[in-house]
Amino acid sequence: MEKMHLIVDLKKCVGCYNCMIACKDEHVDNSWLPYTGAQQKHDQKWINPVKHERGAVPHTEINFVTKLCQHCRNAPCAHARPDAISRRKDGIVLIDTQKAAGDKSLVDVCPYGMISWNDEIEAAQKCTMCAHLLDIGWKEPRCVQACPLRALNVVFCDDDEFERLVREQKLKPLSDGSNAPRVMYRNLYKRDTCFVAGAFVYQDGEIKRAAENAVVQLKINGELMTTVKTDFFGEFKIDRIPKDSGTFELICDMSGYKTISVQVTIGEESPCLETMMFEKL
């Protein structure tokens with residue numbers, strides 16, 4: 001049977017929060033029983049693009065990691081309250097807010113922190129993937145419909161087919177995947193890895209000019225890891241470097257100028273490199 005899966009693309013999300021606003025528009029003051037009760041106006045965020053920063057001034061990058069219920073096949077919440085939490089045939093996990101009423105402990109069961117407490121109805125709630133709309137013929141939930149850059153994309157297929165998509169598109173789970181989530185992420189390296197970025201200039205009379213097309217190599221223990229060239233602005237960026245991967249050597253060459261070699265240590269954060277100047281041979 002076809003099941004619901006959601007793909008979140010970090011490269012496409014710009015943090016417009018349309019998904020969150022659409023979710024609020026659909027669920028605040030609207031009770032969609034038996035799917036769920038009305039969402040609380042404030043505090044509750046069933047979908048939440050969380051800002052993540054990488055790098056250091058002047059080479060910085062902001063990404064948004066959209067968090068929501070992962071609709072896990074091995075959902076801890078369903079194990080905790082099988083009488084109140086169900087998994088539909090299409091894979092969507094729902095909390096019966098009437099059966100779960102008064103049980104605040106459910107908030108702490110979700111390893112993703114995406115079950116919240118509604119003081120107004122005194123029940124735990126979470127994303128329903130707008131199941132009430134899907135059941136009347138909608139092709140996607142409100143958050144996906146509202147995403148202008150399609151950073152959110154629903155895929156209905158059987159689990160084997162989705163596993164093939166995961167492998168081919170190199171999708172990753174938000175955590176270790178032990179809960180078998182149905183929400184997967186593209187370009188999650190933007191949260192999980194570091195980058196090295198910098199800029200080169202050279203002196204041309206009284207003017208400092210950008211060193212375009214300079215060759216930049218990154219080595220560790222003498223072994224070449226990758227090679228890139230500087231752009232029109234004399235800048236370069238080497239991405240997807242694992243955190244805490246040690247000290248690298250950055251070697252930079254431009255015809256007619258002395259080689260520049262610097263040590264770069266990759267820890268938890270992407271390092272800051274000052275603008276470097278080539279000297280003539």
# chains A, B, ... in the order shown; residues from 1 in each chain; ligands from 1
>>> residues_around(residues="Lys11 of chain A", least_positions_apart="2", cutoff="10 Å", atoms="only C-alpha atoms", output="VMD selection string")
chain A and resid 8 to 9 13 to 14 63 to 65 149 151 186 to 188 190
>>> write_last_selection(atoms="N, CA, C and O atoms", output="compact mmCIF listing (two decimals), in the first residue's frame")
# COMPACT_ATOMS: atom_id res chain seq x y z
N VAL A 8 12.29 17.00 3.03
CA VAL A 8 12.59 18.40 3.37
C VAL A 8 13.96 18.74 2.78
O VAL A 8 14.93 18.03 3.03
N ASP A 9 14.02 19.82 2.00
CA ASP A 9 15.27 20.21 1.33
C ASP A 9 15.83 21.48 1.97
O ASP A 9 15.25 22.56 1.84
N CYS A 13 14.88 25.83 1.50
CA CYS A 13 14.17 26.56 2.55
C CYS A 13 14.88 27.88 2.86
O CYS A 13 16.08 27.91 3.13
N VAL A 14 14.11 28.98 2.83
CA VAL A 14 14.67 30.31 3.10
C VAL A 14 14.13 30.89 4.40
O VAL A 14 14.36 32.07 4.71
N ASN A 63 20.98 28.46 7.41
CA ASN A 63 20.06 27.46 6.86
C ASN A 63 18.93 27.25 7.85
O ASN A 63 19.02 27.63 9.02
N PHE A 64 17.87 26.65 7.37
CA PHE A 64 16.73 26.35 8.23
C PHE A 64 16.44 24.85 8.17
O PHE A 64 16.30 24.28 7.09
N VAL A 65 16.40 24.24 9.35
CA VAL A 65 16.09 22.81 9.46
C VAL A 65 14.65 22.69 9.94
O VAL A 65 14.35 22.97 11.10
N LEU A 149 8.90 27.60 -2.43
CA LEU A 149 10.06 27.06 -3.15
C LEU A 149 10.09 25.53 -3.15
O LEU A 149 11.07 24.94 -3.57
N ALA A 151 10.38 23.47 -0.75
CA ALA A 151 11.36 22.85 0.16
C ALA A 151 10.74 21.66 0.87
O ALA A 151 11.45 20.82 1.42
N ARG A 186 16.98 16.28 2.60
CA ARG A 186 17.98 16.45 1.54
C ARG A 186 18.91 17.61 1.93
O ARG A 186 18.47 18.61 2.48
N ASN A 187 20.21 17.43 1.68
CA ASN A 187 21.23 18.45 1.99
C ASN A 187 21.35 18.73 3.49
O ASN A 187 21.60 19.86 3.91
N LEU A 188 21.19 17.69 4.29
CA LEU A 188 21.32 17.84 5.73
C LEU A 188 22.78 18.12 6.13
O LEU A 188 23.05 18.51 7.27
N LYS A 190 24.30 20.59 5.49
CA LYS A 190 24.36 21.99 5.86
C LYS A 190 24.18 22.20 7.37
O LYS A 190 24.50 23.26 7.89
>>> select_by_dssp(residues="segment 10-80 of chain A", states="strand (DSSP E)", output="list in words")
Ile47, Asn48, Pro49, Val50, Lys51, His52, Glu53, Arg54, Gly55, Ala56, His59, Thr60, Glu61, Ile62, Asn63, Phe64, Val65, Thr66, Lys67 and Leu68 of chain A
>>> write_last_selection(atoms="N, CA and C atoms", output="CSV table (one decimal), in the first residue's frame")
chain,number,residue,atom,x,y,z
A,47,ILE,N,5.0,22.5,13.1
A,47,ILE,CA,6.0,22.5,12.1
A,47,ILE,C,6.9,23.8,12.4
A,48,ASN,N,8.2,23.6,12.4
A,48,ASN,CA,9.0,24.7,12.9
A,48,ASN,C,10.4,24.8,12.2
A,49,PRO,N,10.5,25.7,11.3
A,49,PRO,CA,11.9,25.9,10.6
A,49,PRO,C,12.8,26.5,11.6
A,50,VAL,N,13.8,25.8,12.0
A,50,VAL,CA,14.8,26.2,13.1
A,50,VAL,C,16.0,26.7,12.4
A,51,LYS,N,16.4,28.0,12.7
A,51,LYS,CA,17.6,28.6,12.1
A,51,LYS,C,18.9,27.9,12.6
A,52,HIS,N,19.7,27.7,11.6
A,52,HIS,CA,21.1,27.1,11.9
A,52,HIS,C,22.1,27.9,11.2
A,53,GLU,N,23.1,28.3,11.9
A,53,GLU,CA,24.2,29.2,11.4
A,53,GLU,C,25.5,28.4,11.3
A,54,ARG,N,26.2,28.6,10.2
A,54,ARG,CA,27.5,28.0,10.0
A,54,ARG,C,28.5,29.1,9.6
A,55,GLY,N,29.8,28.8,9.9
A,55,GLY,CA,30.8,29.7,9.5
A,55,GLY,C,31.0,30.9,10.5
A,56,ALA,N,31.9,31.8,10.1
A,56,ALA,CA,32.2,33.0,10.9
A,56,ALA,C,32.4,34.1,9.9
A,59,HIS,N,32.5,35.0,6.3
A,59,HIS,CA,32.0,33.9,5.5
A,59,HIS,C,31.0,33.1,6.4
A,60,THR,N,29.8,33.5,6.3
A,60,THR,CA,28.7,32.8,7.1
A,60,THR,C,27.6,32.3,6.2
A,61,GLU,N,26.8,31.4,6.8
A,61,GLU,CA,25.7,30.8,6.0
A,61,GLU,C,24.6,30.5,7.0
A,62,ILE,N,23.4,30.8,6.6
A,62,ILE,CA,22.2,30.5,7.5
A,62,ILE,C,21.3,29.5,6.7
A,63,ASN,N,21.0,28.5,7.4
A,63,ASN,CA,20.1,27.5,6.9
A,63,ASN,C,18.9,27.2,7.9
A,64,PHE,N,17.9,26.6,7.4
A,64,PHE,CA,16.7,26.3,8.2
A,64,PHE,C,16.4,24.9,8.2
A,65,VAL,N,16.4,24.2,9.3
A,65,VAL,CA,16.1,22.8,9.5
A,65,VAL,C,14.6,22.7,9.9
A,66,THR,N,13.8,22.3,9.0
A,66,THR,CA,12.3,22.3,9.4
A,66,THR,C,12.0,21.0,10.2
A,67,LYS,N,11.6,21.2,11.4
A,67,LYS,CA,11.2,20.1,12.3
A,67,LYS,C,9.7,19.9,12.4
A,68,LEU,N,9.3,18.7,12.4
A,68,LEU,CA,7.9,18.4,12.6
A,68,LEU,C,7.9,16.9,13.0
>>> residues_around(residues="His132 of chain A", least_positions_apart="6", cutoff="10 Å", atoms="only C-alpha atoms", output="ChimeraX atom specification")
/A:32-36,138,141
>>> write_last_selection(atoms="N, CA and C atoms", output="PDB file, in the first residue's frame")
ATOM      1  N   TRP A  32     -10.661  19.467  14.443  1.00  0.00           N
ATOM      2  CA  TRP A  32     -10.855  18.476  13.388  1.00  0.00           C
ATOM      3  C   TRP A  32     -10.985  17.075  13.994  1.00  0.00           C
ATOM      4  N   LEU A  33     -11.830  16.946  14.978  1.00  0.00           N
ATOM      5  CA  LEU A  33     -12.058  15.635  15.579  1.00  0.00           C
ATOM      6  C   LEU A  33     -12.674  14.691  14.554  1.00  0.00           C
ATOM      7  N   PRO A  34     -12.320  13.413  14.556  1.00  0.00           N
ATOM      8  CA  PRO A  34     -11.494  12.728  15.576  1.00  0.00           C
ATOM      9  C   PRO A  34      -9.990  12.797  15.320  1.00  0.00           C
ATOM     10  N   TYR A  35      -9.553  13.573  14.310  1.00  0.00           N
ATOM     11  CA  TYR A  35      -8.129  13.654  13.992  1.00  0.00           C
ATOM     12  C   TYR A  35      -7.355  14.362  15.110  1.00  0.00           C
ATOM     13  N   THR A  36      -7.853  15.523  15.520  1.00  0.00           N
ATOM     14  CA  THR A  36      -7.230  16.277  16.608  1.00  0.00           C
ATOM     15  C   THR A  36      -8.136  17.430  17.005  1.00  0.00           C
ATOM     16  N   TRP A 138      -7.459  15.931  -0.815  1.00  0.00           N
ATOM     17  CA  TRP A 138      -6.282  16.793  -0.984  1.00  0.00           C
ATOM     18  C   TRP A 138      -5.055  15.935  -1.287  1.00  0.00           C
ATOM     19  N   PRO A 141      -0.612  18.190   2.465  1.00  0.00           N
ATOM     20  CA  PRO A 141      -1.040  19.000   3.610  1.00  0.00           C
ATOM     21  C   PRO A 141      -0.809  20.482   3.363  1.00  0.00           C
TER      22      PRO A 141
END
>>> residues_around(residues="segment 127-130 of chain A", least_positions_apart="4", cutoff="6 Å", atoms="only C-alpha atoms", output="count of residues only")
4
>>> residues_around(residues="segment 16-21 of chain A", least_positions_apart="3", cutoff="9 Å", atoms="only C-alpha atoms", output="NGL selection string")
:A and (13 or 24-26 or 45-49 or 142-148 or 152)
>>> residues_around(residues="segment 237-245 of chain A", least_positions_apart="3", cutoff="10 Å", atoms="only C-alpha atoms", output="compact mmCIF listing (two decimals) with all heavy atoms, in the first residue's frame")
# COMPACT_ATOMS: atom_id res chain seq x y z
N HIS A 59 32.51 35.01 6.28
CA HIS A 59 32.00 33.88 5.50
C HIS A 59 31.02 33.09 6.35
O HIS A 59 31.40 32.18 7.09
CB HIS A 59 33.16 33.01 5.02
CG HIS A 59 34.18 33.74 4.20
ND1 HIS A 59 33.94 34.15 2.92
CD2 HIS A 59 35.43 34.19 4.52
CE1 HIS A 59 34.99 34.80 2.45
NE2 HIS A 59 35.91 34.83 3.40
N ASN A 187 20.21 17.43 1.68
CA ASN A 187 21.23 18.45 1.99
C ASN A 187 21.35 18.73 3.49
O ASN A 187 21.60 19.86 3.91
CB ASN A 187 20.93 19.75 1.23
CG ASN A 187 20.97 19.56 -0.28
OD1 ASN A 187 21.93 19.02 -0.81
ND2 ASN A 187 19.91 19.98 -0.97
N LEU A 188 21.19 17.69 4.29
CA LEU A 188 21.32 17.84 5.73
C LEU A 188 22.78 18.12 6.13
O LEU A 188 23.05 18.51 7.27
CB LEU A 188 20.81 16.58 6.44
CG LEU A 188 20.49 16.70 7.94
CD1 LEU A 188 19.45 17.78 8.21
CD2 LEU A 188 20.03 15.36 8.50
N TYR A 189 23.70 17.96 5.19
CA TYR A 189 25.10 18.29 5.47
C TYR A 189 25.25 19.74 5.89
O TYR A 189 26.21 20.11 6.58
CB TYR A 189 25.99 17.99 4.26
CG TYR A 189 25.85 18.99 3.12
CD1 TYR A 189 26.63 20.13 3.08
CD2 TYR A 189 24.93 18.79 2.09
CE1 TYR A 189 26.51 21.06 2.05
CE2 TYR A 189 24.79 19.70 1.07
CZ TYR A 189 25.58 20.83 1.05
OH TYR A 189 25.45 21.75 0.04
N LYS A 190 24.30 20.59 5.49
CA LYS A 190 24.36 21.99 5.86
C LYS A 190 24.18 22.20 7.37
O LYS A 190 24.50 23.26 7.89
CB LYS A 190 23.32 22.80 5.08
CG LYS A 190 23.69 22.98 3.62
CD LYS A 190 22.64 23.80 2.88
CE LYS A 190 23.15 24.22 1.51
NZ LYS A 190 24.20 25.24 1.61
N ARG A 191 23.66 21.20 8.04
CA ARG A 191 23.57 21.24 9.50
C ARG A 191 24.71 20.46 10.15
O ARG A 191 25.20 20.82 11.22
CB ARG A 191 22.24 20.66 9.97
CG ARG A 191 22.02 20.72 11.47
CD ARG A 191 20.97 19.74 11.96
NE ARG A 191 21.39 18.35 11.81
CZ ARG A 191 20.71 17.30 12.29
NH1 ARG A 191 19.56 17.50 12.92
NH2 ARG A 191 21.15 16.07 12.11
N ASP A 192 25.13 19.39 9.51
CA ASP A 192 25.97 18.41 10.18
C ASP A 192 27.46 18.52 9.88
O ASP A 192 28.26 17.83 10.52
CB ASP A 192 25.50 17.00 9.81
CG ASP A 192 24.12 16.71 10.34
OD1 ASP A 192 23.68 17.39 11.29
OD2 ASP A 192 23.44 15.81 9.80
N THR A 193 27.87 19.33 8.91
CA THR A 193 29.29 19.40 8.56
C THR A 193 29.79 20.85 8.60
O THR A 193 29.02 21.78 8.78
CB THR A 193 29.54 18.82 7.15
OG1 THR A 193 28.91 19.67 6.18
CG2 THR A 193 29.00 17.41 7.03
N CYS A 194 31.09 20.99 8.40
CA CYS A 194 31.72 22.31 8.37
C CYS A 194 32.17 22.66 6.95
O CYS A 194 32.18 21.80 6.07
CB CYS A 194 32.93 22.34 9.30
SG CYS A 194 32.53 22.19 11.06
N PHE A 195 32.54 23.91 6.77
CA PHE A 195 33.16 24.32 5.50
C PHE A 195 34.34 25.24 5.78
O PHE A 195 34.46 25.82 6.86
CB PHE A 195 32.14 25.00 4.57
CG PHE A 195 31.63 26.34 5.06
CD1 PHE A 195 32.37 27.51 4.86
CD2 PHE A 195 30.41 26.43 5.70
CE1 PHE A 195 31.90 28.74 5.29
CE2 PHE A 195 29.93 27.66 6.14
CZ PHE A 195 30.67 28.82 5.94
N VAL A 196 35.22 25.31 4.81
CA VAL A 196 36.33 26.26 4.86
C VAL A 196 36.12 27.24 3.72
O VAL A 196 35.94 26.85 2.57
CB VAL A 196 37.69 25.55 4.69
CG1 VAL A 196 38.82 26.57 4.58
CG2 VAL A 196 37.95 24.61 5.85
N ALA A 197 36.13 28.52 4.04
CA ALA A 197 35.94 29.54 3.02
C ALA A 197 36.93 30.67 3.25
O ALA A 197 37.35 30.93 4.39
CB ALA A 197 34.51 30.08 3.04
N GLY A 198 37.31 31.34 2.19
CA GLY A 198 38.25 32.44 2.32
C GLY A 198 38.34 33.24 1.03
O GLY A 198 37.57 33.00 0.09
N ALA A 199 39.27 34.17 1.00
CA ALA A 199 39.43 35.02 -0.18
C ALA A 199 40.91 35.37 -0.37
O ALA A 199 41.67 35.45 0.60
CB ALA A 199 38.60 36.30 -0.03
N VAL A 216 43.07 26.24 -5.23
CA VAL A 216 43.09 26.01 -3.79
C VAL A 216 42.98 24.51 -3.53
O VAL A 216 42.04 23.85 -3.99
CB VAL A 216 41.94 26.75 -3.08
CG1 VAL A 216 42.02 26.54 -1.57
CG2 VAL A 216 41.95 28.23 -3.42
N GLN A 217 43.96 23.97 -2.82
CA GLN A 217 43.95 22.54 -2.48
C GLN A 217 43.82 22.36 -0.97
O GLN A 217 44.39 23.13 -0.20
CB GLN A 217 45.24 21.86 -2.96
CG GLN A 217 45.42 21.85 -4.46
CD GLN A 217 46.71 21.15 -4.86
OE1 GLN A 217 47.73 21.29 -4.21
NE2 GLN A 217 46.66 20.39 -5.94
N LEU A 218 43.08 21.34 -0.57
CA LEU A 218 42.95 21.00 0.84
C LEU A 218 43.55 19.62 1.06
O LEU A 218 43.14 18.65 0.42
CB LEU A 218 41.48 21.01 1.27
CG LEU A 218 41.21 20.90 2.78
CD1 LEU A 218 41.71 22.15 3.50
CD2 LEU A 218 39.72 20.70 3.05
N ILE A 220 45.23 16.67 4.00
CA ILE A 220 45.38 16.22 5.38
C ILE A 220 46.41 15.10 5.39
O ILE A 220 46.34 14.16 4.58
CB ILE A 220 44.04 15.75 5.99
CG1 ILE A 220 44.23 15.42 7.47
CG2 ILE A 220 43.43 14.59 5.23
CD1 ILE A 220 42.94 15.24 8.24
N MET A 225 42.67 16.14 -0.49
CA MET A 225 41.25 15.86 -0.25
C MET A 225 40.39 16.41 -1.38
O MET A 225 39.49 15.74 -1.88
CB MET A 225 40.81 16.48 1.08
CG MET A 225 41.62 16.03 2.27
SD MET A 225 41.51 14.24 2.56
CE MET A 225 39.79 14.07 2.97
N THR A 226 40.67 17.65 -1.81
CA THR A 226 39.88 18.26 -2.88
C THR A 226 40.60 19.48 -3.43
O THR A 226 41.51 20.03 -2.79
CB THR A 226 38.47 18.66 -2.38
OG1 THR A 226 37.66 19.05 -3.49
CG2 THR A 226 38.56 19.83 -1.41
N THR A 227 40.20 19.89 -4.63
CA THR A 227 40.76 21.07 -5.29
C THR A 227 39.63 21.93 -5.83
O THR A 227 38.70 21.41 -6.46
CB THR A 227 41.69 20.68 -6.45
OG1 THR A 227 42.76 19.86 -5.95
CG2 THR A 227 42.29 21.91 -7.10
N VAL A 228 39.70 23.24 -5.58
CA VAL A 228 38.72 24.17 -6.13
C VAL A 228 39.45 25.39 -6.67
O VAL A 228 40.66 25.55 -6.46
CB VAL A 228 37.70 24.62 -5.05
CG1 VAL A 228 36.89 23.44 -4.53
CG2 VAL A 228 38.38 25.36 -3.91
N LYS A 229 38.71 26.25 -7.38
CA LYS A 229 39.27 27.51 -7.87
C LYS A 229 38.49 28.68 -7.29
O LYS A 229 37.29 28.56 -7.01
CB LYS A 229 39.23 27.56 -9.40
CG LYS A 229 40.26 26.66 -10.07
CD LYS A 229 40.28 26.91 -11.58
CE LYS A 229 41.37 26.08 -12.25
NZ LYS A 229 41.44 26.36 -13.72
N THR A 230 39.18 29.81 -7.11
CA THR A 230 38.51 31.00 -6.61
C THR A 230 37.60 31.58 -7.69
O THR A 230 37.85 31.41 -8.89
CB THR A 230 39.52 32.06 -6.16
OG1 THR A 230 40.41 32.34 -7.26
CG2 THR A 230 40.31 31.59 -4.96
N ASP A 231 36.56 32.28 -7.26
CA ASP A 231 35.61 32.85 -8.20
C ASP A 231 36.01 34.28 -8.60
O ASP A 231 37.12 34.73 -8.32
CB ASP A 231 34.19 32.83 -7.61
CG ASP A 231 34.08 33.63 -6.31
OD1 ASP A 231 34.96 34.46 -6.03
OD2 ASP A 231 33.09 33.42 -5.58
N PHE A 248 44.10 20.57 8.74
CA PHE A 248 44.33 20.43 7.31
C PHE A 248 45.36 21.46 6.86
O PHE A 248 45.61 22.46 7.55
CB PHE A 248 43.03 20.65 6.53
CG PHE A 248 41.97 19.62 6.76
CD1 PHE A 248 41.21 19.62 7.93
CD2 PHE A 248 41.73 18.64 5.82
CE1 PHE A 248 40.22 18.69 8.14
CE2 PHE A 248 40.74 17.69 6.02
CZ PHE A 248 39.99 17.72 7.19
N THR A 265 42.30 24.19 11.21
CA THR A 265 41.79 23.16 12.12
C THR A 265 40.27 23.16 12.11
O THR A 265 39.63 24.19 12.30
CB THR A 265 42.29 23.40 13.56
OG1 THR A 265 43.72 23.35 13.57
CG2 THR A 265 41.75 22.33 14.50
N ILE A 266 39.71 21.99 11.86
CA ILE A 266 38.26 21.83 11.82
C ILE A 266 37.78 21.23 13.13
O ILE A 266 38.10 20.09 13.46
CB ILE A 266 37.82 20.92 10.65
CG1 ILE A 266 38.39 21.43 9.32
CG2 ILE A 266 36.29 20.85 10.60
CD1 ILE A 266 37.92 22.79 8.92
N GLY A 267 37.02 22.00 13.89
CA GLY A 267 36.44 21.52 15.14
C GLY A 267 34.94 21.39 15.00
O GLY A 267 34.44 20.84 14.01
N GLU A 268 34.21 21.93 15.98
CA GLU A 268 32.75 21.88 15.92
C GLU A 268 32.18 22.93 14.97
O GLU A 268 31.07 22.78 14.46
CB GLU A 268 32.16 22.10 17.32
CG GLU A 268 32.11 20.87 18.19
CD GLU A 268 31.12 19.84 17.67
OE1 GLU A 268 29.99 20.23 17.35
OE2 GLU A 268 31.48 18.66 17.57
N GLU A 269 32.93 24.01 14.75
CA GLU A 269 32.45 25.10 13.92
C GLU A 269 33.34 25.30 12.70
O GLU A 269 34.52 24.94 12.71
CB GLU A 269 32.39 26.40 14.73
CG GLU A 269 31.54 26.34 15.99
CD GLU A 269 30.07 26.18 15.69
OE1 GLU A 269 29.66 26.51 14.56
OE2 GLU A 269 29.33 25.73 16.58
N SER A 270 32.78 25.89 11.66
CA SER A 270 33.56 26.23 10.47
C SER A 270 34.52 27.36 10.81
O SER A 270 34.12 28.34 11.43
CB SER A 270 32.64 26.65 9.32
OG SER A 270 31.75 25.60 8.97
>>> select_by_dssp(residues="segment 109-281 of chain A", states="helix (DSSP H, G or I)", output="JSON, numbers by chain")
{"A": [131, 132, 133, 134, 142, 143, 144, 145, 146, 159, 160, 161, 162, 163, 164, 165, 166, 167, 168, 169, 189, 190, 191, 192]}
>>> atom_distance(atom1="atom CA of Lys126 of chain A", atom2="atom CA of Met4 of chain A")
16.3 Å
>>> atom_distance(atom1="atom CA of Gly234 of chain A", atom2="atom CA of Leu281 of chain A")
19.2 Å
>>> closest_residue(among="A:Trp117, A:Tyr257, A:Tyr112, A:Phe156", to="Gly91 of chain A", atoms="only C-alpha atoms")
A:Phe156
>>> atom_distance(atom1="atom CA of Glu279 of chain A", atom2="atom CA of Ser261 of chain A")
12.4 Å
>>> residues_around(residues="Ala211 of chain A", least_positions_apart="5", cutoff="7 Å", atoms="only C-alpha atoms", output="MDAnalysis selection string")
chainID A and resid 200:202 234
>>> write_last_selection(atoms="N, CA, C and O atoms", output="PDB file, in the first residue's frame")
ATOM      1  N   PHE A 200      41.275  35.562  -1.642  1.00  0.00           N
ATOM      2  CA  PHE A 200      42.650  35.909  -1.989  1.00  0.00           C
ATOM      3  C   PHE A 200      42.664  37.176  -2.831  1.00  0.00           C
ATOM      4  O   PHE A 200      41.773  37.413  -3.654  1.00  0.00           O
ATOM      5  N   VAL A 201      43.685  37.985  -2.610  1.00  0.00           N
ATOM      6  CA  VAL A 201      43.882  39.201  -3.386  1.00  0.00           C
ATOM      7  C   VAL A 201      45.345  39.292  -3.816  1.00  0.00           C
ATOM      8  O   VAL A 201      46.200  38.558  -3.301  1.00  0.00           O
ATOM      9  N   TYR A 202      45.625  40.183  -4.757  1.00  0.00           N
ATOM     10  CA  TYR A 202      47.001  40.470  -5.136  1.00  0.00           C
ATOM     11  C   TYR A 202      47.118  41.975  -5.385  1.00  0.00           C
ATOM     12  O   TYR A 202      46.114  42.652  -5.652  1.00  0.00           O
ATOM     13  N   GLY A 234      37.527  36.351  -6.010  1.00  0.00           N
ATOM     14  CA  GLY A 234      38.710  35.811  -5.352  1.00  0.00           C
ATOM     15  C   GLY A 234      38.367  34.917  -4.176  1.00  0.00           C
ATOM     16  O   GLY A 234      39.236  34.588  -3.369  1.00  0.00           O
TER      17      GLY A 234
END
>>> closest_residue(among="A:Gln203, A:Asn30, A:Thr97, A:Asn221", to="Met277 of chain A", atoms="only C-alpha atoms")
A:Gln203
>>> closest_residue(among="A:Met1, A:Ala123, A:Leu6, A:Ile115", to="Arg88 of chain A", atoms="only C-alpha atoms")
A:Met1
